[in-house]
Amino acid sequence: MNEINGTGAGSLEAEIAVEQAFVDSAYQILNKLRRRYRENQRSAEAFKWRNSPQALTERDAFAAHWGDGATRLENVGDRLVFGRLDMTDERIHYIGRIGLRSEVGSQMLIDWRAPAARPFYQATGANPQGVARRRHIQTRLQKVIGIEDEVLDTAHVSENKLVFQGEGALMEALTKARDGHMSDIVATIQAEQDEIIRRTADGLLVIQGGPGTGKTAVALHRAAFLLYAERARLEKSGVLIIGPSPTFLSYIDKVLPSLGETGVVSRTMATLLPGIKAHGRDSETVREIKGRLDWIQICANAARSFERVPADTSLSIASYQVTLFAKDVYAARANARRSGLPHNEAWEGFALELMGKLAAQMHEQNQNMGTNLEWYHDYIRGSLPAQKAINLAWLPMSGIQVLEKLYANPEFLAQCAPMLSAAERKLLWRPRGNPLTESDVPILDELEELLGKLPKRSGSAAEKAHAYEEELARAGEAIAALELGGGIVDARLLAERAAAETEVKTIATRAAQDRQWTYGHIIVDEAQELNPLAWHILLRRCPARSFTVTGDLDQRSTQSRPRTWKEILGPAARALTGEEVLKVSYRTPASVLNRANALMDELGYPAAFPVIAARDIADSYELSITTDLATSLPQIIAAEVKRLDQTVGEGKGRLAILVPSDKVSNWHTELNLDSSLDSRVSLMSALQSKGLEFDYVIVVEPEELIAQNPGDIYVAMTRPTQRLHVVSSRPVPAALEL
């Protein structure tokens with residue numbers, strides 16, 4: 001840090017001491033709040049409430065309210081305070097991760113999302129917005145380690161007001177060693193990023209950005225902003241984040257909690273459905289077939305196929321001889337379909353109607369039993385032939401059962417999917433019991449939506465509904481009486497807690513366990529990879545059509561490269577309200593980014609949205625051609641690790657080795673490495689590296705990556721923040737040559 005204006009080195013130390021005093025006081029207030037919330041939670045849980053359902057519900061409301069607040073505060077750790085605004089009217093505003101009030105109730109720290117904090121990101125010399133000086137406060141844990149000032153209005157900066165300059169908060173953040181997790185950018189948000197973050201939640205917003213432009217960070221901070229600005233709505237419904245891989249979700253999992261937000265569910269498309277994990281991956285051709293909107297009709301045809309009208313069927317039930325008439329089945333089927341219920345949930349009404357018809361026939365044969373036909377139902381329920389006949393007419397099925405039948409039974413698939421060609425249907429064949437693929441998940445979700453939950457035999461549905469409504473009313477009264485409305489604790493949550501006799505679940509837990517949960521906002525990262533059917537099921541999960549979609553069309557992992565986002569969004573294109581393009585790459589050094597762009601030009605895939613690097617680093621690119629890869633690669637890795645030690649500090653930083661997908665397993669064994677981001681050195685495919693960044697990257701066998709997919713080599717080359725080393729056992733394209 002260099003002093004630009006001041007009376008000596010002691011002046012800088014004095015200014016840091018001033019900021020340290022404020023940071024200390026802010027943490028004191030934060031720690032007091034944390035303790036108070038936890039003490040209030042424990043008091044609520046330990047209090048000897050009256051032994052009544054209403055009293056227990058009130059206890060749960062208090063405990064959940066204080067517990068949730070404590071969790072939010074406890075997740076706010078490092079860099080609580082990061083900015084200061086000296087206004088032209090002599091007021092001073094401190095900017096931080098959350099808002100805090102002093103002991104006397106005055107605003108001490110302004111939440112970065114509040115309107116009053118906006119000048120910290122938006123003010124310029126041309127438009128100072130009432131700011132005389134903007135100060136970036138750099139901290140490590142709770143210690144102030146540096147300050148950097150920007151004068152925006154020289155007329156209001158007196159001579160005795162010290163001004164210090166440094167390398168810049170943004171550049172300092174970019175050169176910082178990676179630790180396996182994405183850091184938030186709350187202290188370094190750029191003006192164009194801030195505009196996007198603060199946009200309203202109406203409709204679907206696309207953030208198109210090339211590698212290193214910060215699109216993922218912008219989307220996550222937008223989620224935090226919306227949770228702040230629209231808390232009443234989003235705190236009850238939550239936010240869903242869809243990422244490209246579990247590794248990516250692990251990489252970003254600390255960002256929102258560090259900003260004090262917990263009401264977020266993170267999933268990949270493969271893990272979107274509760275209890276389902278799709279480990280397989282189809283070929284590009286099969287993924288395209290499974291991603292078509294035709295599957296909406298195919299699934300509907302499949303579900304309807306289990307609603308049959310058989311011929312008249314004679315049945316022997318106890319001592320009675322009855323007939324299940326086709327006309328009665330036809331009428332019951334029509335009534336069940338008119339109910340609008342999913343297939344399995346309509347089964348009960350269908351079955352009861354046919355049981356009534358059979359009971360009437362039984363009664364005709366035994367007039368001495370009065371007019372009540374209900375008792376005949378026990379005979380019918382206990383009759384295996386009757387059960388079989390009714391179920392064959394309307395057969396309850398699970399989504400997995402139907403999906404496996406579609407793939408394993410060519411005749412059934414042909415019946416349900418006449419719009420697919422014979423060749424396409426043949427590509428879909430696979431035996432029952434095979435692992436699910438990511439492309440199966442949207443189809444399975446569509447089937448589950450049409451089929452609904454399988455019938456349960458325990459308890460009356462009417463009795464359960466009545467008991468639940470009573471508990472819901474009681475919970476609502478408790479919420480109102482305790483004045484806890486508007487938060488994460490709502491009547492439905494407490495009613496479910498009372499019914500299940502389990503602890504109150506967070507919004508994220510509840511949403512993640514409910515396939516039918518609808519979210520207030522959805523973020524989709526690396527969205528260029530999604531197909532139309534995936535968008536269809538995401539739209540179902542957000543009736544408000546409030547989306548933030550990020551990605552880069554130039555990084556799509558297919559041979560075909562759509563040129564517009566409307567082509568990618570499918571049915572979601574109707575919700576599109578805006579498209580923002582980020583053009584500056586803050587991560588990738590210019591020497592590396594320019595080479596990656598030149599390679600794509602050489603391959604005939606020029607970037608549709610080229611980006612410009614914000615900085616360059618000397619010796620950021622190296623090429624090694626070797627005839628003995630097995631011997632050379634370990635040596636190259638060791639040399640790069642040593643260089644990383646010298647660059648960012650011994651044991652710090654992250655190195656990734658990116659290899660062709662079909663070689664990952666072999667190289668894991670050969671080099672004794674895994675794909676974990678917790679490891680300083682990790683090995684993975686280009687696909688697994690999507691959305692991630694590393695200090696150093698080694699790309700192995702670029703020609704194979706190109707053959708695999710041109711987009712993959714572009715992804716692989718643009719992961720490093722400091723250095724790229726390409727290793728090949730054969731000649732490389734001209735753009736990669738030194």
# chains A, B, ... in the order shown; residues from 1 in each chain; ligands from 1

$ residues_around --residues "range 186-203 of chain A" --least-positions-apart "6" --cutoff "6 Å" --atoms "only C-alpha atoms" --output "mmCIF file with all heavy atoms, in the first residue's frame"
data_model
loop_
_atom_site.group_PDB
_atom_site.id
_atom_site.type_symbol
_atom_site.label_atom_id
_atom_site.label_comp_id
_atom_site.auth_asym_id
_atom_site.auth_seq_id
_atom_site.Cartn_x
_atom_site.Cartn_y
_atom_site.Cartn_z
ATOM 1 N N PHE A 82 -16.366 -3.997 5.019
ATOM 2 C CA PHE A 82 -15.426 -3.926 3.898
ATOM 3 C C PHE A 82 -15.413 -2.569 3.200
ATOM 4 O O PHE A 82 -14.603 -2.346 2.305
ATOM 5 C CB PHE A 82 -15.710 -5.018 2.866
ATOM 6 C CG PHE A 82 -17.116 -4.992 2.326
ATOM 7 C CD1 PHE A 82 -17.498 -4.086 1.351
ATOM 8 C CD2 PHE A 82 -18.061 -5.878 2.806
ATOM 9 C CE1 PHE A 82 -18.789 -4.066 0.858
ATOM 10 C CE2 PHE A 82 -19.362 -5.868 2.323
ATOM 11 C CZ PHE A 82 -19.727 -4.955 1.342
ATOM 12 N N TYR A 121 -20.983 1.040 -4.968
ATOM 13 C CA TYR A 121 -20.715 0.304 -6.206
ATOM 14 C C TYR A 121 -20.911 1.164 -7.453
ATOM 15 O O TYR A 121 -20.305 0.899 -8.489
ATOM 16 C CB TYR A 121 -21.637 -0.912 -6.288
ATOM 17 C CG TYR A 121 -21.494 -1.847 -5.108
ATOM 18 C CD1 TYR A 121 -22.481 -1.937 -4.139
ATOM 19 C CD2 TYR A 121 -20.353 -2.627 -4.960
ATOM 20 C CE1 TYR A 121 -22.350 -2.788 -3.050
ATOM 21 C CE2 TYR A 121 -20.208 -3.484 -3.879
ATOM 22 C CZ TYR A 121 -21.215 -3.558 -2.922
ATOM 23 O OH TYR A 121 -21.054 -4.396 -1.849
ATOM 24 N N GLN A 122 -21.761 2.181 -7.360
ATOM 25 C CA GLN A 122 -22.166 2.905 -8.557
ATOM 26 C C GLN A 122 -21.533 4.284 -8.718
ATOM 27 O O GLN A 122 -21.468 4.810 -9.828
ATOM 28 C CB GLN A 122 -23.698 3.068 -8.559
ATOM 29 C CG GLN A 122 -24.454 1.765 -8.770
ATOM 30 C CD GLN A 122 -24.328 1.254 -10.186
ATOM 31 O OE1 GLN A 122 -24.174 2.011 -11.122
ATOM 32 N NE2 GLN A 122 -24.377 -0.066 -10.351
ATOM 33 N N LEU A 170 -10.152 -5.080 -6.274
ATOM 34 C CA LEU A 170 -10.463 -6.107 -7.264
ATOM 35 C C LEU A 170 -9.218 -6.889 -7.659
ATOM 36 O O LEU A 170 -9.213 -8.127 -7.680
ATOM 37 C CB LEU A 170 -11.086 -5.465 -8.504
ATOM 38 C CG LEU A 170 -11.371 -6.403 -9.673
ATOM 39 C CD1 LEU A 170 -12.344 -7.496 -9.266
ATOM 40 C CD2 LEU A 170 -11.900 -5.628 -10.869
ATOM 41 N N ARG A 222 -27.064 -11.807 -6.692
ATOM 42 C CA ARG A 222 -28.439 -11.417 -7.045
ATOM 43 C C ARG A 222 -29.435 -12.188 -6.182
ATOM 44 O O ARG A 222 -30.435 -11.634 -5.722
ATOM 45 C CB ARG A 222 -28.678 -11.678 -8.525
ATOM 46 C CG ARG A 222 -30.100 -11.383 -8.998
ATOM 47 C CD ARG A 222 -30.147 -11.315 -10.514
ATOM 48 N NE ARG A 222 -31.494 -11.475 -11.027
ATOM 49 C CZ ARG A 222 -32.436 -10.528 -10.970
ATOM 50 N NH1 ARG A 222 -32.158 -9.366 -10.412
ATOM 51 N NH2 ARG A 222 -33.630 -10.739 -11.457
ATOM 52 N N ARG A 545 -42.401 -17.429 -12.601
ATOM 53 C CA ARG A 545 -41.515 -17.236 -13.764
ATOM 54 C C ARG A 545 -40.409 -16.231 -13.433
ATOM 55 O O ARG A 545 -40.091 -15.349 -14.227
ATOM 56 C CB ARG A 545 -42.311 -16.769 -14.983
ATOM 57 C CG ARG A 545 -43.394 -17.741 -15.445
ATOM 58 C CD ARG A 545 -42.756 -19.043 -15.907
ATOM 59 N NE ARG A 545 -43.698 -19.929 -16.550
ATOM 60 C CZ ARG A 545 -44.309 -20.966 -15.940
ATOM 61 N NH1 ARG A 545 -44.073 -21.201 -14.655
ATOM 62 N NH2 ARG A 545 -45.139 -21.746 -16.589
ATOM 63 N N SER A 546 -39.802 -16.402 -12.271
ATOM 64 C CA SER A 546 -38.733 -15.525 -11.813
ATOM 65 C C SER A 546 -37.424 -16.309 -11.847
ATOM 66 O O SER A 546 -37.172 -17.154 -10.989
ATOM 67 C CB SER A 546 -39.034 -15.029 -10.392
ATOM 68 O OG SER A 546 -38.011 -14.205 -9.906
ATOM 69 N N ALA A 575 -40.797 -16.467 -21.079
ATOM 70 C CA ALA A 575 -40.644 -15.684 -19.845
ATOM 71 C C ALA A 575 -39.471 -14.713 -19.919
ATOM 72 O O ALA A 575 -39.262 -13.932 -18.988
ATOM 73 C CB ALA A 575 -40.450 -16.626 -18.656
ATOM 74 N N THR A 577 -37.248 -11.693 -20.192
ATOM 75 C CA THR A 577 -37.510 -10.259 -20.085
ATOM 76 C C THR A 577 -36.253 -9.420 -20.296
ATOM 77 O O THR A 577 -36.352 -8.201 -20.409
ATOM 78 C CB THR A 577 -38.099 -9.911 -18.702
ATOM 79 O OG1 THR A 577 -37.224 -10.383 -17.676
ATOM 80 C CG2 THR A 577 -39.469 -10.531 -18.521
#

$ select_by_dssp --residues "range 609-643 of chain A" --states "strand (DSSP E)" --output "MDAnalysis selection string"
chainID A and resid 612:613 621:625

$ closest_residue --among "A:Leu341, A:Val700, A:Leu633, A:Ala334" --to "Val664 in chain A" --atoms "only C-alpha atoms"
A:Val700

$ residues_around --residues "Trp347 in chain A" --least-positions-apart "5" --cutoff "12 Å" --atoms "only C-alpha atoms" --output "MDAnalysis selection string"
chainID A and resid 306:307 332:337 339:342 352:355 390:397 451:456

$ atom_distance --atom1 "CA of Cys416 in chain A" --atom2 "CA of Glu288 in chain A"
18.3 Å

$ atom_distance --atom1 "CA of Lys566 in chain A" --atom2 "CA of Glu579 in chain A"
10.4 Å

$ residues_around --residues "Leu152 in chain A" --least-positions-apart "3" --cutoff "10 Å" --atoms "only C-alpha atoms" --output "PDB file with C-alpha atoms, in the first residue's frame"
ATOM      1  CA  ASP A  86     -17.478   9.700   3.284  1.00  0.00           C
ATOM      2  CA  MET A  87     -20.372  11.809   2.015  1.00  0.00           C
ATOM      3  CA  THR A  88     -20.184  15.434   0.909  1.00  0.00           C
ATOM      4  CA  ALA A 123     -20.573   6.254  -7.708  1.00  0.00           C
ATOM      5  CA  THR A 124     -17.968   7.585 -10.161  1.00  0.00           C
ATOM      6  CA  GLY A 125     -15.976  10.770 -10.567  1.00  0.00           C
ATOM      7  CA  ALA A 126     -18.426  11.875 -13.241  1.00  0.00           C
ATOM      8  CA  ASN A 127     -21.400  10.987 -11.030  1.00  0.00           C
ATOM      9  CA  PRO A 128     -20.252  10.933  -7.390  1.00  0.00           C
ATOM     10  CA  GLN A 129     -23.801  10.539  -6.015  1.00  0.00           C
ATOM     11  CA  GLY A 130     -22.936  12.599  -2.951  1.00  0.00           C
ATOM     12  CA  VAL A 131     -19.761  10.635  -2.170  1.00  0.00           C
ATOM     13  CA  ALA A 132     -16.579  12.549  -1.448  1.00  0.00           C
ATOM     14  CA  ARG A 133     -14.397   9.521  -0.727  1.00  0.00           C
ATOM     15  CA  ARG A 134     -14.899   5.772  -1.063  1.00  0.00           C
ATOM     16  CA  ASP A 149      -9.236   5.279  -0.997  1.00  0.00           C
ATOM     17  CA  ALA A 155     -13.997  19.856  -3.635  1.00  0.00           C
ATOM     18  CA  HIS A 156     -15.107  18.073  -0.476  1.00  0.00           C
ATOM     19  CA  VAL A 157     -11.824  16.310   0.389  1.00  0.00           C
TER      20      VAL A 157
END

$ select_by_dssp --residues "range 522-617 of chain A" --states "helix (DSSP H, G or I)" --output "short mmCIF file (atom, residue, chain, number, x, y, z; two decimals) with N, CA and C atoms, in the first residue's frame"
data_model
loop_
_atom_site.label_atom_id
_atom_site.label_comp_id
_atom_site.auth_asym_id
_atom_site.auth_seq_id
_atom_site.Cartn_x
_atom_site.Cartn_y
_atom_site.Cartn_z
N ALA A 527 -26.36 -22.65 -17.99
CA ALA A 527 -27.69 -22.96 -18.53
C ALA A 527 -27.66 -23.36 -20.00
N GLN A 528 -26.54 -23.09 -20.67
CA GLN A 528 -26.46 -23.48 -22.08
C GLN A 528 -26.53 -24.99 -22.27
N GLU A 529 -26.36 -25.76 -21.19
CA GLU A 529 -26.38 -27.22 -21.29
C GLU A 529 -27.78 -27.82 -21.19
N PRO A 532 -34.88 -28.54 -23.81
CA PRO A 532 -36.24 -28.01 -23.65
C PRO A 532 -37.05 -28.69 -22.54
N LEU A 533 -36.93 -30.03 -22.41
CA LEU A 533 -37.72 -30.71 -21.39
C LEU A 533 -37.25 -30.32 -19.98
N ALA A 534 -35.95 -30.09 -19.81
CA ALA A 534 -35.45 -29.63 -18.51
C ALA A 534 -36.05 -28.28 -18.16
N TRP A 535 -36.13 -27.39 -19.14
CA TRP A 535 -36.75 -26.09 -18.89
C TRP A 535 -38.22 -26.26 -18.53
N HIS A 536 -38.89 -27.19 -19.15
CA HIS A 536 -40.31 -27.45 -18.87
C HIS A 536 -40.52 -27.79 -17.40
N ILE A 537 -39.68 -28.65 -16.84
CA ILE A 537 -39.90 -29.03 -15.45
C ILE A 537 -39.41 -27.95 -14.48
N LEU A 538 -38.47 -27.11 -14.91
CA LEU A 538 -38.07 -25.99 -14.05
C LEU A 538 -39.17 -24.93 -14.00
N LEU A 539 -39.83 -24.69 -15.12
CA LEU A 539 -40.96 -23.75 -15.13
C LEU A 539 -42.05 -24.21 -14.18
N ARG A 540 -42.26 -25.50 -14.07
CA ARG A 540 -43.25 -26.04 -13.14
C ARG A 540 -42.91 -25.67 -11.70
N LEU A 553 -22.88 -19.36 -24.37
CA LEU A 553 -23.19 -20.20 -25.53
C LEU A 553 -21.94 -20.77 -26.16
N ASP A 554 -20.81 -20.07 -26.01
CA ASP A 554 -19.56 -20.55 -26.59
C ASP A 554 -18.99 -21.74 -25.84
N GLN A 555 -19.50 -22.05 -24.66
CA GLN A 555 -18.98 -23.17 -23.87
C GLN A 555 -19.94 -24.37 -23.86
N TRP A 565 -29.96 -17.19 -27.17
CA TRP A 565 -30.48 -17.83 -25.97
C TRP A 565 -31.91 -18.33 -26.16
N LYS A 566 -32.66 -17.71 -27.05
CA LYS A 566 -34.03 -18.18 -27.27
C LYS A 566 -34.03 -19.62 -27.78
N GLU A 567 -33.00 -19.98 -28.56
CA GLU A 567 -32.90 -21.36 -29.03
C GLU A 567 -32.67 -22.33 -27.88
N ILE A 568 -31.96 -21.90 -26.86
CA ILE A 568 -31.61 -22.74 -25.72
C ILE A 568 -32.77 -22.87 -24.74
N LEU A 569 -33.49 -21.78 -24.53
CA LEU A 569 -34.48 -21.73 -23.44
C LEU A 569 -35.73 -22.54 -23.70
N GLY A 570 -36.01 -22.90 -24.93
CA GLY A 570 -37.20 -23.70 -25.21
C GLY A 570 -38.45 -23.03 -24.70
N PRO A 571 -39.27 -23.75 -23.90
CA PRO A 571 -40.53 -23.16 -23.42
C PRO A 571 -40.32 -21.99 -22.47
N ALA A 572 -39.12 -21.87 -21.88
CA ALA A 572 -38.85 -20.76 -20.96
C ALA A 572 -38.62 -19.45 -21.70
N ALA A 573 -38.44 -19.51 -23.03
CA ALA A 573 -38.18 -18.29 -23.81
C ALA A 573 -39.33 -17.30 -23.68
N ARG A 574 -40.53 -17.81 -23.43
CA ARG A 574 -41.69 -16.91 -23.30
C ARG A 574 -41.58 -16.02 -22.07
N ALA A 575 -40.80 -16.47 -21.08
CA ALA A 575 -40.64 -15.68 -19.85
C ALA A 575 -39.47 -14.71 -19.92
N ALA A 590 -4.72 -12.44 -20.08
CA ALA A 590 -4.92 -12.13 -21.51
C ALA A 590 -4.17 -13.10 -22.41
N SER A 591 -2.94 -13.49 -22.04
CA SER A 591 -2.14 -14.39 -22.88
C SER A 591 -2.84 -15.73 -23.06
N VAL A 592 -3.55 -16.18 -22.03
CA VAL A 592 -4.26 -17.45 -22.10
C VAL A 592 -5.59 -17.29 -22.83
N LEU A 593 -6.34 -16.25 -22.49
CA LEU A 593 -7.64 -16.03 -23.10
C LEU A 593 -7.51 -15.80 -24.60
N ASN A 594 -6.54 -15.00 -25.01
CA ASN A 594 -6.35 -14.72 -26.44
C ASN A 594 -5.99 -15.98 -27.21
N ARG A 595 -5.20 -16.84 -26.58
CA ARG A 595 -4.82 -18.10 -27.23
C ARG A 595 -6.04 -19.02 -27.38
N ALA A 596 -6.88 -19.06 -26.33
CA ALA A 596 -8.09 -19.89 -26.39
C ALA A 596 -9.02 -19.40 -27.50
N ASN A 597 -9.16 -18.08 -27.62
CA ASN A 597 -10.01 -17.52 -28.68
C ASN A 597 -9.43 -17.80 -30.06
N ALA A 598 -8.12 -17.72 -30.17
CA ALA A 598 -7.46 -18.01 -31.45
C ALA A 598 -7.66 -19.46 -31.85
N LEU A 599 -7.62 -20.36 -30.86
CA LEU A 599 -7.84 -21.78 -31.14
C LEU A 599 -9.25 -22.01 -31.66
N MET A 600 -10.24 -21.37 -31.03
CA MET A 600 -11.62 -21.56 -31.48
C MET A 600 -11.81 -21.01 -32.89
N ASP A 601 -11.15 -19.91 -33.20
CA ASP A 601 -11.19 -19.39 -34.58
C ASP A 601 -10.60 -20.40 -35.55
N GLU A 602 -9.47 -20.99 -35.16
CA GLU A 602 -8.79 -21.96 -36.01
C GLU A 602 -9.65 -23.20 -36.24
N LEU A 603 -10.42 -23.59 -35.23
CA LEU A 603 -11.27 -24.78 -35.33
C LEU A 603 -12.58 -24.50 -36.05
#

$ closest_residue --among "A:Lys290, A:Arg563, A:Lys215, A:Arg381" --to "Tyr586 in chain A" --atoms "only C-alpha atoms"
A:Lys215

$ residues_around --residues "Val727 in chain A" --least-positions-apart "2" --cutoff "9 Å" --atoms "only C-alpha atoms" --output "tab-separated table (two decimals) with N, CA, C and O atoms, in the first residue's frame"
chain	number	residue	atom	x	y	z
A	622	GLU	N	2.46	-22.21	-21.13
A	622	GLU	CA	3.57	-23.08	-21.51
A	622	GLU	C	3.03	-24.30	-22.23
A	622	GLU	O	1.92	-24.78	-21.93
A	623	LEU	N	3.80	-24.82	-23.18
A	623	LEU	CA	3.44	-26.01	-23.94
A	623	LEU	C	4.55	-27.04	-23.82
A	623	LEU	O	5.73	-26.72	-23.95
A	624	SER	N	4.15	-28.29	-23.55
A	624	SER	CA	5.12	-29.40	-23.51
A	624	SER	C	4.64	-30.50	-24.43
A	624	SER	O	3.52	-30.99	-24.30
A	625	ILE	N	5.50	-30.88	-25.39
A	625	ILE	CA	5.24	-32.01	-26.27
A	625	ILE	C	6.13	-33.16	-25.80
A	625	ILE	O	7.35	-33.00	-25.66
A	626	THR	N	5.53	-34.31	-25.53
A	626	THR	CA	6.30	-35.44	-25.00
A	626	THR	C	5.88	-36.73	-25.68
A	626	THR	O	4.70	-36.90	-26.03
A	629	LEU	N	4.19	-39.72	-22.15
A	629	LEU	CA	3.29	-38.96	-21.27
A	629	LEU	C	3.27	-39.53	-19.85
A	629	LEU	O	3.24	-38.78	-18.87
A	633	LEU	N	4.27	-36.55	-17.37
A	633	LEU	CA	3.20	-35.83	-16.67
A	633	LEU	C	3.45	-35.70	-15.17
A	633	LEU	O	3.30	-34.59	-14.62
A	636	ILE	N	5.96	-32.95	-14.71
A	636	ILE	CA	5.40	-31.62	-14.99
A	636	ILE	C	4.53	-31.16	-13.83
A	636	ILE	O	4.58	-29.99	-13.41
A	698	ILE	N	-3.27	-27.63	-15.79
A	698	ILE	CA	-2.55	-28.43	-16.78
A	698	ILE	C	-3.60	-29.12	-17.65
A	698	ILE	O	-4.44	-29.87	-17.14
A	699	VAL	N	-3.58	-28.85	-18.94
A	699	VAL	CA	-4.50	-29.49	-19.88
A	699	VAL	C	-3.74	-30.60	-20.60
A	699	VAL	O	-2.71	-30.34	-21.24
A	700	VAL	N	-4.25	-31.84	-20.50
A	700	VAL	CA	-3.58	-33.00	-21.06
A	700	VAL	C	-4.29	-33.46	-22.33
A	700	VAL	O	-5.51	-33.59	-22.35
A	701	GLU	N	-3.51	-33.69	-23.38
A	701	GLU	CA	-4.01	-34.18	-24.67
A	701	GLU	C	-5.12	-33.28	-25.25
A	701	GLU	O	-6.28	-33.66	-25.36
A	702	PRO	N	-4.78	-32.07	-25.63
A	702	PRO	CA	-5.78	-31.14	-26.17
A	702	PRO	C	-6.48	-31.66	-27.41
A	702	PRO	O	-7.66	-31.36	-27.63
A	725	HIS	N	-0.68	-24.73	-18.53
A	725	HIS	CA	0.37	-25.56	-19.12
A	725	HIS	C	-0.32	-26.67	-19.92
A	725	HIS	O	-1.05	-27.50	-19.38
A	729	SER	N	0.98	-35.46	-26.41
A	729	SER	CA	1.88	-36.49	-26.95
A	729	SER	C	1.90	-36.45	-28.48
A	729	SER	O	2.46	-37.34	-29.11

$ residues_around --residues "Ser689 in chain A" --least-positions-apart "2" --cutoff "8 Å" --atoms "only C-alpha atoms" --output "list of chain:residue names"
A:Phe248, A:Leu658, A:Met684, A:Ser685, A:Ala686, A:Leu687, A:Gly691, A:Leu692, A:Glu693, A:Val715, A:Ala716, A:Arg719
